[in-house]
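Here's the structure we're looking at; comments come further down.
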There are 2 protein chains.
Amino acid sequence: MQTWKDYQEKNKERFLEEMLELLRIPSISAKSEHKEDMLKCAEAVKKGLLAAGCDKAEVMPTEGYPVVYGEKIIDPSKPTVLVYGHYDVQPADPLELWHSGPFEPVIKDGKVFARGSADDKGQFFMHVKALEILTKTDSLTTNIKFLIEGEEEVGSPNLGKFVAANKSLLKADVILISDSSMLSMENPSLDTGVRGLSYIQVEVTGANRDLHSGTYGGAVANPITILAKMIASCHDENNHITIPGFYDDVVVATKEERDLLNKAPYDEQEYKDELGVKELWGEKGYSTYERTGIRPTLEVNGIWGGYTGEGAKTVLPSKAFAKISARLVPNQSSDKITEKLLAYFKSIAPASVDVKAELHHGGEPYMTPIDSKGYKAASKAVETTFGKAPIPVRGGGSIPICSILEKELGIKIIFMGFGLDNDNLHSPNEKYNLENYYKGIETIPYFHKFFAE
Amino acid sequence: MQTWKDYQEKNKERFLEEMLELLRIPSISAKSEHKEDMLKCAEAVKKGLLAAGCDKAEVMPTEGYPVVYGEKIIDPSKPTVLVYGHYDVQPADPLELWHSGPFEPVIKDGKVFARGSADDKGQFFMHVKALEILTKTDSLTTNIKFLIEGEEEVGSPNLGKFVAANKSLLKADVILISDSSMLSMENPSLDTGVRGLSYIQVEVTGANRDLHSGTYGGAVANPITILAKMIASCHDENNHITIPGFYDDVVVATKEERDLLNKAPYDEQEYKDELGVKELWGEKGYSTYERTGIRPTLEVNGIWGGYTGEGAKTVLPSKAFAKISARLVPNQSSDKITEKLLAYFKSIAPASVDVKAELHHGGEPYMTPIDSKGYKAASKAVETTFGKAPIPVRGGGSIPICSILEKELGIKIIFMGFGLDNDNLHSPNEKYNLENYYKGIETIPYFHKFFAE
């Protein structure tokens with residue numbers, strides 16, 4: 001029998017080429033003009049699952065973009081691992097900052113540059129290739145199911161319904177997700193949770209039309225100025241969030257938890273240098289990893305209004321807009337925070353403007369225990385291939401579907417991400433290191449092995 | 001001999017059609033892709049001047065877009081009127097808010113809808129048609145010179161040099177400008193001044209690339225949040241401008257001046273209804289006309305940063321931008337205020353971001369006395385055709401070249417605008433009422449008559 005490593009080594013080039021093929025499809029779920037690409041990508045995922053050894057694979061409809069389901073059942077009495085991933089990607093804007101086409105993957109310095117390389121096509125595809133290794137070497141000891149959705153980047157609006165309607169199909173003993181990062185290749189880590197999300201859009205309207213800033217300047221409210229004042233009011237001088245009740249439900253981390261988190265290797269100068277900033281910024285009284293892990297945050301993701309073209313236009317605009325999102329920590333409720341955010345922006349608006357505030361999407365925070373069978377299997381798998389036990393850390397991002405998956409299926413989620421924080425997720429020049437891709441494919445079979453033991 | 005009125009009546013349709021022809025040329029000086037249109041428009045203006053009776057007309061080069069000069073000299077010993085106007089227009093964005101193409105003039109309800117209809121093609125062209133009436137009816141009693149520039153909407157960067165180099169060519173006794181508005185057809189008015197301008201652009205940079213708002217949210221400064229805080233800090237709770245030294249040189253208007261200004265007919269409810277706002281907004285302690293006339297203001301003309309497309313993108317952007325301009329009143333210096341603005345935005349930036357602040361353009365405020373020969377001629381002309389003496393008011397807009405024209409040529413400027421405040425200058429659906437266009441053409445010959453007397 002071939003070893004896993006031998007098989008991977010022999011098929012290395014093809015494993016890469018197949019991932020690149022997926023990356024070439026611009027499956028941007030947020031932009032309706034990419035509908036055809038989305039469907040094409042779902043079909044490609046299905047094909048990949050069948051080729052890797054699934055007994056069956058299907059593109060299953062939802063009210064939005066379809067879910068791709070696949071399974072390899074070796075023995076119903078054996079443990080079943082449900083792999084979750086997503087084939088949709090973030091928009092690629094601003095395009096002008098990419099060094100190569102976001103959907104024309106380029107390999108440079110051992111990295112694949114393309115939208116979706118790390119988030120999440122390159123990562124979920126490691127599981128597809130791990131299945132291939134396990135089947136081709138005849139060493140699969142678990143059943144494997146795949147749930148690859150197409151709406152993660154827009155808040156998974158239809159997946160909850162899909163999961164509720166397909167509980168027996170999705171029945172499993174653990175959910176395995178590779179859609180996050182580790183500290184570094186030298187310091188592997190496993191996420192023990194993800195933050196929740198509450199994403200809103202605010203529209204401020206002043207006069208019923210754009211005005212001449214000379215004729216009307218000083219007479220009527222400028223919606224940009226008002227919106228700026230609203231945004232400025234969201235953080236106090238210590239960068240605490242001022243939205244009334246925002247911290248009400250936050251479970252304050254214990255000293256032990258904070259100590260554990262702060263044990264993770266961290267070099268502030270290196271962190272600043274890598275981001276090109278002279279100083280960091282954030283909530284007073286918390287370390288960097290605390291601020292990105294155990295504390296909720298509020299960020300403006302986009303703002304626009306008035307004249308934004310070349311040169312100067314002396315306009316007093318009618319409207320200004322902002323996209324604003326909060327990251328939530330355990331025990332905060334996305335619905336409750338959304339309500340508070342929407343109410344806040346409406347309540348602080350002066351009578352001289354109208355404010356419309358609407359939910360884009362949200363998701364609950366999620367935590368996973370480190371003493372579960374799944375976590376232990378993941379930890380042992382990483383230790384086997386990295387030669388070092390992974391550090392448990394809190395992930396700053398959000399996977400809104402986590403709490404729903406657990407609620408509907410009654411099983412725990414294990415986060416086994418192989419990306420790096422500097423993969424430029426959601427940014428120009430997203431990349432995934434080849435080393436991480438191959439190391440992930442090498443590690444995953446061990447998870448199945450240890451989980452079945 | 002035909003009367004002026006008869007001649008106009010007979011040529012009405014053509015007078016309109018010729019104006020529309022000018023409006024069809026998208027002469028946007030701020031956008032470099034319209035270079036050809038700008039040159040085409042200059043040629044069209046020259047042709048119009050010659051057709052109207054000028055002895056000579058020329059497209060004269062500058063370092064930027066050319067100036068169109070034309071003259072009709074009847075007798076060097078007679079008084080000379082220099083008409084100033086501009087053939088360039090503001091950008092037409094946001095295009096989606098126009099009910100018809102900005103450069104496809106449409107006539108509806110007695111109004112011409114097109115970019116440049118009121119600002120300033122439709123207005124300077126009244127002077128061209130007035131010249132035609134005066135020459136064709138053989139009743140011209142002044143010499144007339146035309147100075148029609150192509151860079152007013154970008155701050156006239158090259159006109160000062162042009163005027164300085166052509167002093168004898170431009171020698172005149174008074175400058176006449178129709179590039180502003182009157183209160184209403186029932187309450188005609190004449191502007192006694194325009195505000196100055198200082199227009200800057202601010203760029204705030206946080207991290208060296210767009211980041212994932214989950215991975216980095218809470219750890220590094222968000223340039224949108226910082227920019228919002230900077231903008232919010234520019235006005236205090238009474239909407240006074242907080243930039244240090246901003247009001248230092250403002251000559252506070254006397255009680256008499258304020259009383260005169262507040263005599264202008266004003267119905268607050270009507271003003272609010274027309275703009276579609278529930279409440280006005282502005283500097284505490286000043287009436288609406290004071291706020292738009294005798295007080296300096298600071299407006300954000302545009303803002304952008306992060307993701308502004310459809311849907312949601314959880315990005316923590318690298319950069320945020322704003323276009324910001326101040327309107328200045330007599331004795332404030334555009335250069336000094338620009339310096340203060342640039343210094344302010346740089347000084348309040350926290351160390352966690354970089355701030356670049358740069359001048360777009362500026363211009364000095366300007367005042368004209370109401371006891372001059374020119375003002376009296378304008379007042380009498382308006383009274384003759386409107387049946388009512390015009391009210392002297394302060395214009396809120398800026399014509400940066402005014403102070404330079406007076407300095408270089410040593411003569412006063414008379415503002416005889418026939419637009420209305422609701423002409424949507426610099427906004428979608430700019431319009432010019434046909435009644436105002438024809439009334440202007442009817443009034444201007446009287447100015448020449450009375451000025452020569």
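By order in the structure tokens, chains are A, B, ...; within a chain, residues start at 1; ligands start at 1, following the order shown.
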*DSSP says helix (DSSP H, G or I) for which residues of region 265-297 of chain A? Put them as a list in words?*
Glu268, Gln269, Glu270, Tyr271, Lys272, Asp273, Glu274, Leu275, Thr288, Tyr289, Glu290, Arg291, Thr292 and Gly293 of chain A
*Quick one: everything within 9 Å of Glu58 (chain A), counting only C-alpha atoms, minus sequence neighbours fewer than 5 positions away in the same chain. Send it as a count of residues only.*
6
*Could you pull out the strand (DSSP E) residues of region 260-440 of chain B from DSSP and send them as a ChimeraX atom specification?*
/B:297-306,315-316,319-328,354-363,366-367,391-393,413-415,419-420,431-433
_If we count only C-alpha atoms and set the cut-off at 8 Å, which residues sit around region 279-296 of chain B, ignoring sequence neighbours fewer than 2 positions away in its own chain? Please answer as an NGL selection string._
(:A and (214-221 or 351-353)) or (:B and (194-195 or 238-240 or 253 or 258 or 261-262 or 272 or 277 or 298 or 326-329 or 393-396))
_Residue neighbourhood Ser181 (chain B), 7 Å, only C-alpha atoms, exclusion window fewer than 3 positions, as an NGL selection string_ = :B and (417-421)
_Top pick for closest residue to chain A, considering B:Leu342, B:Ala30, B:Leu50, B:Val252 and counting only C-alpha atoms_ = B:Ala30
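If you count only C-alpha atoms and ignore residues fewer than 2 places along the chain from region 96-107 of chain B, what sits within 9 Å of it is Arg209 of chain A; Leu20, Glu21, Leu23, Arg24, Ile25, Pro26, Ala92, Asp93, Pro94, Asp109, Gly110, Lys111, Val112, Phe113, Ala114, Arg115, Gly116, Ser117, Ser427, Pro428, Asn429, Glu430 and Leu434 of chain B.
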*asked:* Give me, as number ranges by chain, all polymer residues having an atom no more than 12 Å from Val315 (chain B), counting only C-alpha atoms and skipping those fewer than 5 positions away in the same chain.
replied: A: 90-94, 153, 199, 298-303, 323-326, 397, 424-428; B: 207, 209-217, 222-224, 305-308
_Need to verify the contact set: His34 (chain B), 12 Å, only C-alpha atoms, exclusion of same-chain residues closer than 2 positions in sequence. Can you return it as a list of chain:residue names?_
B:Ile25, B:Pro26, B:Ser27, B:Ile28, B:Ser29, B:Ala30, B:Lys31, B:Ser32, B:Glu36, B:Asp37, B:Met38, B:Leu39, B:Lys40, B:Cys41, B:Tyr65, B:Asp88, B:Val89, B:Gln90, B:Pro91, B:Gly150
For the residues in the current selection, export N, CA and C atoms as a compact mmCIF listing (two decimals), in the first residue's frame.
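Done, and the output landed in again.txt:
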```txt
# COMPACT_ATOMS: atom_id res chain seq x y z
N ILE B 25 -22.48 70.48 -25.95
CA ILE B 25 -21.04 70.15 -25.88
C ILE B 25 -20.65 69.89 -24.42
N PRO B 26 -20.23 68.66 -24.10
CA PRO B 26 -19.91 68.33 -22.69
C PRO B 26 -18.55 68.90 -22.25
N SER B 27 -18.51 70.19 -22.08
CA SER B 27 -17.25 70.88 -21.78
C SER B 27 -16.96 70.88 -20.28
N ILE B 28 -16.58 69.67 -19.79
CA ILE B 28 -16.29 69.49 -18.36
C ILE B 28 -14.80 69.69 -18.13
N SER B 29 -14.45 70.79 -17.54
CA SER B 29 -13.02 71.11 -17.40
C SER B 29 -12.32 70.22 -16.38
N ALA B 30 -13.06 69.67 -15.41
CA ALA B 30 -12.42 68.85 -14.36
C ALA B 30 -11.99 67.48 -14.87
N LYS B 31 -12.56 67.03 -15.98
CA LYS B 31 -12.28 65.67 -16.43
C LYS B 31 -11.47 65.68 -17.73
N SER B 32 -10.27 65.12 -17.64
CA SER B 32 -9.35 65.24 -18.76
C SER B 32 -9.87 64.57 -20.03
N GLU B 36 -11.17 67.33 -25.85
CA GLU B 36 -11.63 67.67 -27.20
C GLU B 36 -12.89 68.50 -27.15
N ASP B 37 -13.80 68.12 -26.23
CA ASP B 37 -15.06 68.86 -26.10
C ASP B 37 -14.80 70.30 -25.67
N MET B 38 -13.81 70.47 -24.79
CA MET B 38 -13.50 71.82 -24.33
C MET B 38 -13.06 72.69 -25.51
N LEU B 39 -12.19 72.14 -26.35
CA LEU B 39 -11.68 72.92 -27.48
C LEU B 39 -12.79 73.20 -28.49
N LYS B 40 -13.65 72.22 -28.67
CA LYS B 40 -14.80 72.37 -29.58
C LYS B 40 -15.71 73.48 -29.06
N CYS B 41 -15.88 73.51 -27.75
CA CYS B 41 -16.78 74.51 -27.17
C CYS B 41 -16.19 75.91 -27.33
N TYR B 65 -6.90 75.34 -20.42
CA TYR B 65 -7.85 75.50 -21.53
C TYR B 65 -7.87 76.94 -22.00
N ASP B 88 -16.86 76.47 -19.54
CA ASP B 88 -16.74 75.13 -18.95
C ASP B 88 -17.87 74.90 -17.96
N VAL B 89 -18.14 73.63 -17.68
CA VAL B 89 -19.23 73.27 -16.77
C VAL B 89 -18.73 72.28 -15.72
N GLN B 90 -19.55 72.10 -14.68
CA GLN B 90 -19.25 71.12 -13.63
C GLN B 90 -19.44 69.70 -14.17
N PRO B 91 -18.79 68.70 -13.57
CA PRO B 91 -19.09 67.31 -13.93
C PRO B 91 -20.58 67.04 -13.74
N GLY B 150 -12.36 78.98 -19.77
CA GLY B 150 -12.72 77.56 -19.78
C GLY B 150 -12.27 76.83 -18.52
```
_Using only C-alpha atoms for the distances, tell me which of B:Tyr271, B:Phe162, B:Phe125, B:Tyr7 is nearest to chain A._
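Using only C-alpha atoms, chain A sits closest to B:Tyr271.
Checking B:Glu132, B:Glu186, B:Asp119, B:Asp371 one by one against chain A, counting only C-alpha atoms, you find the shortest gap at B:Asp119.
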*Provide the CA of Ser180 (chain A) to CA of Ala118 (chain A) distance in Å, to one decimal place.*
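Value for the CA of Ser180 (chain A)-CA of Ala118 (chain A) distance: 8.4 Å.
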*Minimum-distance residue to chain B, chosen among A:Asn166, A:Thr137, A:Thr368, A:Thr225 (using only C-alpha atoms)*: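 Going through A:Asn166, A:Thr137, A:Thr368, A:Thr225 one by one, the smallest distance to chain B is for A:Thr225.
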_From the options B:Ile231, B:Met367, B:Ile177, B:Met416, which residue's atoms come nearest to chain A, counting only C-alpha atoms?_
B:Ile231
*Could you check how far CA of Thr242 (chain B) sits from CA of Met230 (chain B), in Å to one decimal?*
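We find that CA of Thr242 (chain B) and CA of Met230 (chain B) lie 11.0 Å from each other.
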_Pick from B:His360, B:Lys336, B:Lys12, B:Lys56 nearest to chain A, counting only C-alpha atoms_ = B:His360
